[in-house]
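Participant: Dropping in final-v3.txt, with compact mmCIF, C-alpha atoms.
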```txt
# COMPACT_ATOMS: atom_id res chain seq x y z
CA ALA A 5 87.41 5.28 -26.34
CA GLN A 6 84.67 3.05 -25.06
CA SER A 7 81.09 3.95 -25.93
CA VAL A 8 77.60 2.52 -26.04
CA THR A 9 74.73 3.24 -28.39
CA GLN A 10 71.13 2.74 -27.39
CA LEU A 11 68.78 2.32 -30.32
CA GLY A 12 65.39 3.86 -29.73
CA SER A 13 64.98 6.74 -27.33
CA HIS A 14 61.38 5.67 -26.65
CA VAL A 15 59.93 2.17 -26.56
CA SER A 16 56.30 1.37 -25.89
CA VAL A 17 54.99 -2.09 -25.01
CA SER A 18 51.75 -3.54 -23.73
CA GLU A 19 51.58 -4.95 -20.24
CA GLY A 20 52.53 -8.63 -20.43
CA ALA A 21 54.48 -8.22 -23.67
CA LEU A 22 58.18 -8.82 -24.20
CA VAL A 23 60.50 -5.95 -23.37
CA LEU A 24 63.56 -5.54 -25.61
CA LEU A 25 65.89 -2.59 -25.12
CA ARG A 26 68.89 -2.42 -27.42
CA CYS A 27 72.47 -1.55 -26.59
CA ASN A 28 75.54 -1.85 -28.79
CA TYR A 29 79.03 -1.19 -27.52
CA SER A 30 82.21 -0.01 -29.11
CA SER A 31 85.38 -1.25 -27.50
CA SER A 32 88.76 -2.50 -28.56
CA VAL A 33 88.93 -4.83 -25.58
CA PRO A 34 86.26 -6.92 -23.83
CA PRO A 35 84.36 -4.34 -21.82
CA TYR A 36 82.39 -4.37 -18.62
CA LEU A 37 78.75 -3.57 -19.37
CA PHE A 38 75.90 -2.46 -17.15
CA TRP A 39 72.20 -1.72 -17.34
CA TYR A 40 70.73 0.86 -14.98
CA VAL A 41 67.15 2.01 -14.48
CA GLN A 42 66.05 5.48 -13.42
CA TYR A 43 62.60 6.31 -12.10
CA PRO A 44 61.40 9.94 -12.16
CA ASN A 45 63.29 12.21 -9.77
CA GLN A 46 65.44 9.33 -8.61
CA GLY A 47 69.02 8.19 -8.99
CA LEU A 48 70.15 5.17 -10.97
CA GLN A 49 69.58 1.60 -9.84
CA LEU A 50 71.74 -1.24 -11.14
CA LEU A 51 69.75 -3.92 -12.94
CA LEU A 52 72.63 -6.16 -13.99
CA LYS A 53 76.24 -6.21 -15.10
CA TYR A 54 78.45 -8.23 -17.44
CA THR A 55 82.01 -8.88 -16.37
CA SER A 56 82.86 -11.82 -18.67
CA ALA A 57 81.86 -14.61 -16.25
CA ALA A 58 78.80 -15.62 -18.29
CA THR A 59 77.30 -14.28 -21.50
CA LEU A 60 73.71 -14.48 -20.22
CA VAL A 61 73.31 -12.26 -17.20
CA LYS A 62 70.27 -12.31 -14.96
CA GLY A 63 69.38 -9.21 -13.03
CA ILE A 64 66.76 -7.91 -10.69
CA ASN A 65 63.03 -7.58 -11.39
CA GLY A 66 63.07 -10.35 -14.02
CA PHE A 67 65.43 -8.59 -16.42
CA GLU A 68 68.28 -10.30 -18.22
CA ALA A 69 70.80 -9.42 -20.89
CA GLU A 70 72.94 -11.41 -23.28
CA PHE A 71 76.46 -10.39 -24.25
CA LYS A 72 77.07 -11.12 -27.94
CA LYS A 73 80.61 -10.37 -28.99
CA SER A 74 79.96 -11.10 -32.67
CA GLU A 75 77.22 -8.45 -32.70
CA THR A 76 78.87 -6.13 -30.13
CA SER A 77 75.52 -6.08 -28.36
CA PHE A 78 74.19 -6.28 -24.83
CA HIS A 79 70.41 -6.06 -25.22
CA LEU A 80 68.14 -6.00 -22.18
CA THR A 81 65.05 -8.21 -22.12
CA LYS A 82 62.15 -9.09 -19.88
CA PRO A 83 59.60 -11.73 -20.90
CA SER A 84 56.54 -9.94 -19.54
CA ALA A 85 56.30 -6.21 -18.97
CA HIS A 86 54.67 -4.80 -15.87
CA MET A 87 53.34 -1.30 -15.37
CA SER A 88 56.01 -0.73 -12.72
CA ASP A 89 58.72 -1.23 -15.39
CA ALA A 90 57.92 2.17 -16.90
CA ALA A 91 61.13 4.16 -16.43
CA GLU A 92 64.26 5.24 -18.28
CA TYR A 93 66.92 2.63 -18.91
CA PHE A 94 70.60 3.29 -19.44
CA CYS A 95 73.28 1.04 -20.83
CA ALA A 96 76.80 1.82 -19.61
CA VAL A 97 80.36 0.65 -20.18
CA SER A 98 83.50 0.83 -18.10
CA ASP A 99 86.99 0.50 -19.45
CA PRO A 100 88.98 -2.42 -18.05
CA ALA A 101 92.18 -0.75 -19.22
CA GLY A 102 92.66 1.89 -16.56
CA GLY A 103 89.33 3.69 -16.59
CA GLY A 104 88.78 3.17 -12.88
CA ASN A 105 85.14 3.33 -11.92
CA LYS A 106 84.24 5.74 -14.71
CA LEU A 107 81.04 4.78 -16.48
CA THR A 108 80.21 5.94 -20.00
CA PHE A 109 76.46 5.95 -20.51
CA GLY A 110 74.23 5.65 -23.52
CA THR A 111 71.58 8.25 -24.20
CA GLY A 112 68.87 6.24 -22.50
CA THR A 113 65.62 4.56 -23.55
CA GLN A 114 62.32 5.65 -22.06
CA LEU A 115 60.10 2.60 -21.61
CA LYS A 116 56.35 3.11 -21.60
CA VAL A 117 54.07 0.26 -20.57
CA GLU A 118 50.46 0.45 -21.69
CA LEU A 119 47.41 -1.46 -20.49
CA LYS B 4 72.66 -0.40 5.41
CA ALA B 5 71.99 3.20 4.43
CA GLY B 6 72.38 4.09 0.78
CA VAL B 7 74.22 6.95 -0.83
CA THR B 8 73.02 10.25 0.60
CA GLN B 9 73.20 13.47 -1.35
CA THR B 10 72.41 16.86 0.11
CA PRO B 11 70.66 19.05 -0.62
CA ARG B 12 68.09 17.46 -2.93
CA TYR B 13 67.16 20.74 -4.58
CA LEU B 14 69.05 23.97 -4.98
CA ILE B 15 68.40 27.25 -6.76
CA LYS B 16 71.32 29.58 -7.39
CA THR B 17 71.96 32.75 -9.36
CA ARG B 18 74.42 33.06 -12.22
CA GLY B 19 77.89 33.90 -11.00
CA GLN B 20 77.42 32.32 -7.58
CA GLN B 21 79.17 29.19 -6.43
CA VAL B 22 77.66 26.03 -4.99
CA THR B 23 78.82 23.05 -2.95
CA LEU B 24 77.10 19.68 -3.13
CA SER B 25 77.65 16.89 -0.64
CA CYS B 26 77.72 13.12 -0.95
CA SER B 27 77.93 10.54 1.82
CA PRO B 28 78.77 7.11 0.39
CA ILE B 29 77.58 3.76 1.65
CA SER B 30 79.46 2.76 4.78
CA GLY B 31 82.68 1.01 3.85
CA HIS B 32 82.75 2.35 0.29
CA ARG B 33 85.94 4.24 -0.50
CA SER B 34 85.32 5.34 -4.07
CA VAL B 35 83.03 8.22 -4.98
CA SER B 36 82.22 9.36 -8.49
CA TRP B 37 80.19 12.33 -9.69
CA TYR B 38 78.03 12.65 -12.79
CA GLN B 39 76.08 15.45 -14.40
CA GLN B 40 72.76 14.62 -16.05
CA THR B 41 71.07 17.03 -18.45
CA PRO B 42 68.41 16.51 -21.13
CA GLY B 43 70.79 17.67 -23.85
CA GLN B 44 74.06 15.96 -22.89
CA GLY B 45 72.76 12.98 -20.93
CA LEU B 46 74.89 11.45 -18.19
CA GLN B 47 78.45 12.70 -18.16
CA PHE B 48 81.28 11.72 -15.85
CA LEU B 49 82.76 14.54 -13.79
CA PHE B 50 85.39 12.94 -11.58
CA GLU B 51 86.23 10.04 -9.30
CA TYR B 52 87.86 10.02 -5.89
CA PHE B 53 89.43 7.16 -4.03
CA SER B 54 91.25 7.43 -0.73
CA GLU B 55 91.04 11.23 -0.84
CA THR B 56 92.76 11.42 -4.23
CA GLN B 57 91.23 12.32 -7.56
CA ARG B 58 91.78 9.27 -9.76
CA ASN B 59 89.95 10.22 -12.91
CA LYS B 60 88.50 13.38 -14.39
CA GLY B 61 85.98 14.04 -17.11
CA ASN B 62 85.97 16.77 -19.69
CA PHE B 63 84.60 19.66 -17.66
CA PRO B 64 86.02 23.15 -17.12
CA GLY B 65 88.08 23.98 -14.07
CA ARG B 66 85.03 25.63 -12.45
CA PHE B 67 84.04 22.13 -11.45
CA SER B 68 86.09 20.72 -8.60
CA GLY B 69 85.74 18.18 -5.88
CA ARG B 70 87.35 16.64 -2.90
CA GLN B 71 87.07 13.62 -0.66
CA PHE B 72 87.53 13.51 3.07
CA SER B 73 89.13 10.85 5.22
CA ASN B 74 85.70 9.39 6.04
CA SER B 75 85.09 8.99 2.26
CA ARG B 76 82.45 11.72 2.16
CA SER B 77 82.82 13.86 -0.91
CA GLU B 78 81.92 17.35 -1.99
CA MET B 79 81.83 18.92 -5.39
CA ASN B 80 82.00 22.63 -6.01
CA VAL B 81 80.97 24.66 -9.00
CA SER B 82 82.17 28.24 -9.13
CA THR B 83 80.89 31.11 -11.27
CA LEU B 84 77.68 29.33 -12.10
CA GLU B 85 76.29 29.48 -15.62
CA LEU B 86 72.76 28.77 -16.80
CA GLY B 87 74.06 25.64 -18.52
CA ASP B 88 75.12 24.19 -15.18
CA SER B 89 71.48 23.52 -14.37
CA ALA B 90 71.34 19.75 -14.07
CA LEU B 91 70.83 16.75 -11.85
CA TYR B 92 74.14 15.95 -10.16
CA LEU B 93 74.51 12.32 -9.20
CA CYS B 94 76.99 10.78 -6.84
CA ALA B 95 77.90 7.11 -6.92
CA SER B 96 79.87 5.07 -4.42
CA SER B 97 81.78 1.82 -4.87
CA THR B 98 83.66 -0.48 -2.57
CA ARG B 99 86.90 -0.19 -4.51
CA GLN B 100 88.41 1.33 -7.57
CA GLY B 101 88.45 -0.75 -10.71
CA ALA B 102 86.45 -1.31 -13.88
CA GLY B 103 83.52 -3.64 -13.38
CA THR B 104 82.92 -2.54 -9.80
CA GLU B 105 79.28 -1.91 -9.03
CA ALA B 106 78.37 1.73 -8.52
CA PHE B 107 75.51 2.65 -6.21
CA PHE B 108 73.88 5.98 -6.95
CA GLY B 109 72.29 8.56 -4.71
CA GLN B 110 69.04 10.32 -5.56
CA GLY B 111 70.90 13.33 -6.83
CA THR B 112 70.90 17.06 -6.27
CA ARG B 113 68.78 19.08 -8.68
CA LEU B 114 70.59 22.36 -9.31
CA THR B 115 68.75 25.19 -11.02
CA VAL B 116 70.72 28.26 -12.06
CA VAL B 117 68.65 31.39 -12.73
```
The structure given in the file should be rewritten as structure tokens.
Facilitator:
Amino acid sequence: AQSVTQLGSHVSVSEGALVLLRCNYSSSVPPYLFWYVQYPNQGLQLLLKYTSAATLVKGINGFEAEFKKSETSFHLTKPSAHMSDAAEYFCAVSDPAGGGNKLTFGTGTQLKVEL
Amino acid sequence: KAGVTQTPRYLIKTRGQQVTLSCSPISGHRSVSWYQQTPGQGLQFLFEYFSETQRNKGNFPGRFSGRQFSNSRSEMNVSTLELGDSALYLCASSTRQGAGTEAFFGQGTRLTVV
């Protein structure tokens, strides 16, 4: 079964600093990978997705992620954190082998941005 | 274009009751999926509907059911509510069925069982 592991349930950075949120996947076939963000009392918003077209994926709000097969990783980065980036971030995987639209999510990383 | 609309936003029910939650997908989207989000279990897939047919189901008891109508709107029902059913229920819509398809989420329905 496909799964993702997010290392670090809480990450704190200073405004203007690099944001790095970690995600490792477990899959026997090349997966489809997603990053979503959730603000308090809101649903999930798609930041970016990897579907094998390019290993470096650029998303919204200045975020990007790099698919590294050798490391089974899909870490999310942003060069300079902004206060508005404070939210919970979820990595997710979908199974290209018949899983339909089902997403399997990681446990989430709460990002705190400090002045 | 309007986003995914879930109603109601908040709901309080008593143990043993049943509840129905509604989801209107983005216009033109034919796939609707449901997820349960709790602090302890995180985000868990409930089921997926496409063209009025359940295509995929998560590992939840039979008390959880759903359906999709011809206009792609979907409802989920939970019968004989338990305290552990308290959660944020999220609906997501997609244009088609297939891995890699973008899912657009609603704001969710917060269900509290007392």
Participant: Rounded to one decimal in Å, what is the spacing between atom CA of A:Pro100 and atom CA of B:Ser75?
Facilitator: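 Result for atom CA of A:Pro100 versus atom CA of B:Ser75: 23.6 Å, one decimal.
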Participant: Using only C-alpha atoms, pick whichever of A:Val17, A:Thr111, A:Leu25, A:Asn105 has the shortest atom-to-atom distance to A:Phe67.
Facilitator: A:Leu25
Participant: Tell me which of B:Val116, B:Ile15, B:Ala106, B:Cys26 sits closest to A:Gln49, counting only C-alpha atoms.
Facilitator: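 Of all the options, B:Ala106 lies closest to A:Gln49.
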Participant: Which residues of chain A are close to chain B, meaning at most 9 Å apart when you count all atoms listed in the file, and how do they look as a PDB file with C-alpha atoms, in the coordinates of the input?
Facilitator:
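iface_25.pdb, freshly written:
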```
ATOM      1  CA  PRO A  35      84.360  -4.340 -21.820  1.00  0.00           C
ATOM      2  CA  TYR A  36      82.390  -4.370 -18.620  1.00  0.00           C
ATOM      3  CA  LEU A  37      78.750  -3.570 -19.370  1.00  0.00           C
ATOM      4  CA  PHE A  38      75.900  -2.460 -17.150  1.00  0.00           C
ATOM      5  CA  ASN A  45      63.290  12.210  -9.770  1.00  0.00           C
ATOM      6  CA  GLN A  46      65.440   9.330  -8.610  1.00  0.00           C
ATOM      7  CA  GLY A  47      69.020   8.190  -8.990  1.00  0.00           C
ATOM      8  CA  LEU A  48      70.150   5.170 -10.970  1.00  0.00           C
ATOM      9  CA  GLN A  49      69.580   1.600  -9.840  1.00  0.00           C
ATOM     10  CA  LEU A  50      71.740  -1.240 -11.140  1.00  0.00           C
ATOM     11  CA  LYS A  53      76.240  -6.210 -15.100  1.00  0.00           C
ATOM     12  CA  TYR A  54      78.450  -8.230 -17.440  1.00  0.00           C
ATOM     13  CA  THR A  55      82.010  -8.880 -16.370  1.00  0.00           C
ATOM     14  CA  VAL A  97      80.360   0.650 -20.180  1.00  0.00           C
ATOM     15  CA  SER A  98      83.500   0.830 -18.100  1.00  0.00           C
ATOM     16  CA  ASP A  99      86.990   0.500 -19.450  1.00  0.00           C
ATOM     17  CA  PRO A 100      88.980  -2.420 -18.050  1.00  0.00           C
ATOM     18  CA  ALA A 101      92.180  -0.750 -19.220  1.00  0.00           C
ATOM     19  CA  GLY A 102      92.660   1.890 -16.560  1.00  0.00           C
ATOM     20  CA  GLY A 103      89.330   3.690 -16.590  1.00  0.00           C
ATOM     21  CA  GLY A 104      88.780   3.170 -12.880  1.00  0.00           C
ATOM     22  CA  ASN A 105      85.140   3.330 -11.920  1.00  0.00           C
ATOM     23  CA  LYS A 106      84.240   5.740 -14.710  1.00  0.00           C
ATOM     24  CA  LEU A 107      81.040   4.780 -16.480  1.00  0.00           C
ATOM     25  CA  THR A 108      80.210   5.940 -20.000  1.00  0.00           C
ATOM     26  CA  PHE A 109      76.460   5.950 -20.510  1.00  0.00           C
ATOM     27  CA  GLY A 110      74.230   5.650 -23.520  1.00  0.00           C
ATOM     28  CA  THR A 111      71.580   8.250 -24.200  1.00  0.00           C
ATOM     29  CA  GLY A 112      68.870   6.240 -22.500  1.00  0.00           C
TER      30      GLY A 112
END
```
Participant: Could you work out how far atom CA of B:Ser89 lies from atom CA of B:Gln57, giving the answer in Å with one decimal?
Facilitator: 23.7 Å
Participant: May I have the residues within 7 Å of A:Ser16 as a CSV table (one decimal) with C-alpha atoms, keeping the file's coordinate frame, using only C-alpha atoms and disregarding those fewer than 4 positions away in the same chain?
Facilitator:
```csv
chain,number,residue,atom,x,y,z
A,115,LEU,CA,60.1,2.6,-21.6
A,116,LYS,CA,56.4,3.1,-21.6
A,117,VAL,CA,54.1,0.3,-20.6
```
Participant: What does the distance between atom CA of A:Glu68 and atom CA of A:Leu22 come to in Å, to one decimal place?
Facilitator: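 Between these atoms lies a distance of 11.8 Å.
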Participant: Looking at A:Ala69, A:Thr81, A:Gln42, A:Ser56, which one is nearest to A:Tyr93, with distances taken over only C-alpha atoms?
Facilitator: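 Closest candidate: A:Gln42.
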Participant: Would you pick out the contacts of B:Pro64 at 12 Å or less, using all atoms listed in the file, so that residues sharing its chain but fewer than 2 positions from it are not included, and give the list as an MDAnalysis selection string?
Facilitator: chainID B and resid 49:50 60:62 66:68 80:85 88
Participant: From (92.9, 4.8, 2.2), in the file's coordinates, out to 8 Å: which residues are reached, counting only C-alpha atoms? Answer as a list in words.
Facilitator: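 Residues close enough to count: Arg33, Phe53, Ser54, Glu55 and Ser73 of chain B.
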Participant: Nearest residue to A:Met87 out of A:Ser74, A:Ser31, A:Gln114, A:Ser18, using all atoms listed in the file?
Facilitator: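 For A:Met87, the nearest of the given residues is A:Ser18.
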